[in-house]
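S.K.: Before I ask anything, here is the structure I am working with.
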Amino acid sequence: MAGAVETDVGARRDARAGAGGHVRRQLRKITEQVLAERTLILASNRGPIEYRRVGGTLRAKRGAGGVVTAVSAISGLANPIWIAAALGPGDRERAVQAGGRPIEETGGGNRYRLRFVTPDPAVYDAYYNVIANPLLWFLQHYLWDTPRAPNIDRATHRAWDDGYAVVNRLFGEAVVDEARRADQPALVLLQDYHLYLAPATIRAALPDALVQLFVHIPWPDADYWRVLTRRMCEAICRSLCACDIVGFQTQRSARSFLRTCESFLPDADVDYRTRTVHLGGQTTRARVYPISIDVNAVRRTARSNAAREHGAHFDAQLHRPHQTILRVDRIEPSKNILRGFEAYRLLLEDHPELRRQVRFLALLVPSRLGVEEYGRYLDEINVLVGRINLEFGSDEWQPIEIVTGDDYARALAALQRYDVLLVNPLIDGMNLVAKEGAVLNHRNGVIVLSEGAGAFEQLNHLTLPVWPCDISGTADALYEALMLPAEERHERARNLRQVVEEGDIARWLYDQLVDLRQISSGV
């Protein structure tokens, strides 16, 4: 037993010392070892395939979202059962056709066995649009204006009981059903804040299952969880402590999780040295797996015809002697877009020699505009950009250009061409734009990176760090980035590229499977 564990630990050390290709070989090997003993079941709110009626035909298309992109990587190595919510009428129709059985699909070189859970639309609305978004999302990004909101009233409690809890139970029951059909114990990989209550259902029915939930967004400090009610906090913590592993993006989030369990579970034994929680005979490990990108896939998309066409357009507009500051973000308050523009305004005010020499290109993706706070935030962005362009612009030069819309190829084309990439979220799970920019950029571009970004723990020594609310400090960092000598820019860019290449999405999956295999082996 000990020898097997030492082999796994040694393999992980070797993988970390090697390049991305070596990690992928190790990932394939560990996947084969794990799946020889267990049936893999994935679960996430959004699935890898969505169905829509087109001209009378029900057609499948690839699901959107970063979670789907990340988790799909394992489908290239295995053929997991993937459980997801039916998000629209096409999904519901396909679920009825399947009769509750997994649907066989292929896409993007991956194989999927997809099973839908089909809550009533009103139940799903309460689960997603009242509890998951915005209540949990805003809480975990420190976005609530706590003197005024949230107000947890009877309607919120109903949405928790009759929406969030119900959908989580449906997910848990679907996992249990698929596990019981299998001929070996289950390995269950749950994804994100939508499914915090599902582990309790799974553990109660499947004591021998190996269960992990990965939290893709930040985990705030224990005191901020008091924005919720005690019963909600306790239910979340107790359910997560039914997992064998709860995974996080950063050390900071893992420590905060341990403190939260200590605060809301008086019968739990929290060990900060081993990063474990012992509760009711179950040991839960808080572990850190910084998510990354599929470097090869990103580069393939960046070489696509669509990206090349966008690149030709950018080359025609972003010509020298202009330097380009770029940001690529969803339009949401946690991304701190307003302060980024304010810092650029201050840069132009302090350094008038940069006017007409530097432009700011912002590719912004609309997000959750049905939520009042998001729509209001977009209005504030447009007002501020209009004011800056009016103050400093001319017929020949506009300081800020905003391009809105969800076009991944366009974003990757722009990331190849920045001189400075501004990534300044208030707080973020990871922010993969920083990693995409690092591997794609061909101008030796410099990254100005907020300490609130999850990527900061890995990339901080190769970027120019800023505190997210420090507008003056961000303006100074932008100036420093624009003025960096060519040799230093080249060295930073080369090292950034190497860090991301050696820690791509294969590393994220590999480290999780190594830890899960050790637990399965009784360590």
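Scheme for the structure tokens: letters A, B, ... for chains in order shown; per-chain residue numbers from 1; ligand numbers from 1 in order shown.
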Taking the chain letters and numbering used in this document, name the residues of range 109-346 of chain A that DSSP puts in alpha helix (DSSP H), as JSON, numbers by chain.
M.R.: {"A": [121, 122, 123, 124, 125, 137, 138, 139, 140, 154, 155, 156, 157, 158, 159, 165, 166, 167, 168, 169, 170, 171, 172, 173, 174, 175, 176, 177, 178, 179, 180, 181, 198, 199, 200, 201, 202, 203, 204, 205, 230, 231, 232, 233, 234, 235, 236, 237, 238, 239, 240, 251, 252, 253, 254, 255, 256, 257, 258, 259, 260, 261, 262, 263, 264, 295, 296, 297, 298, 299, 300, 301, 302, 305, 306, 307, 308, 309, 310, 311, 312, 313, 314, 315, 316, 317, 337, 338, 339, 340, 341, 342, 343, 344, 345, 346]}
S.K.: I'd like the neighbourhood of range 363-366 of chain A as a PyMOL selection string, where a residue qualifies if any of its atoms comes within 12 Å (using only C-alpha atoms), though same-chain residues fewer than 4 positions away should be ignored.
M.R.: chain A and resi 325-333+335+337+370-371+374-375+377-379+381-382+400-415+421-422+433
S.K.: DSSP on the backbone, then: every residue of range 267-481 of chain A marked strand (DSSP E or B), written as a PyMOL selection string.
M.R.: chain A and resi 269-271+276-279+282-288+323-330+358-365+400-404+420-423+446-450+464-466
S.K.: So how many Å separate CA of His351 in chain A and CA of Arg492 in chain A, to one decimal?
M.R.: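 So the answer is 24.7 Å.
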S.K.: Quick one: of A:Glu50, A:Arg359, A:Ala43, A:Leu77, who's nearest to Lys29 in chain A, counting only C-alpha atoms?
M.R.: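 Ranking A:Glu50, A:Arg359, A:Ala43, A:Leu77 by distance to Lys29 in chain A, first place goes to A:Leu77.
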S.K.: Find the residues near range 264-273 of chain A: any atom within 6 Å, counting only C-alpha atoms, skip ones fewer than 5 places away on the same chain, and give them as a PyMOL selection string.
M.R.: chain A and resi 234+278-279
S.K.: Quick one: everything within 8 Å of Phe171 in chain A, counting only C-alpha atoms, minus sequence neighbours fewer than 2 positions away in the same chain. Send it as a PyMOL selection string.
M.R.: chain A and resi 43+83-84+117+167-169+173-175+195+198
S.K.: Within 8 Å of Ala506 in chain A, counting only C-alpha atoms, which residues qualify if same-chain residues fewer than 3 places away don't, as a count of residues only?
M.R.: 9
S.K.: Go through A:Leu347, A:Ile293, A:Ala149, A:Asp183 one by one, measure the shortest atom-to-atom distance of each to Glu502 in chain A using only C-alpha atoms, and give the residue with the smallest value.
M.R.: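 Closest to Glu502 in chain A, using only C-alpha atoms: A:Ile293.
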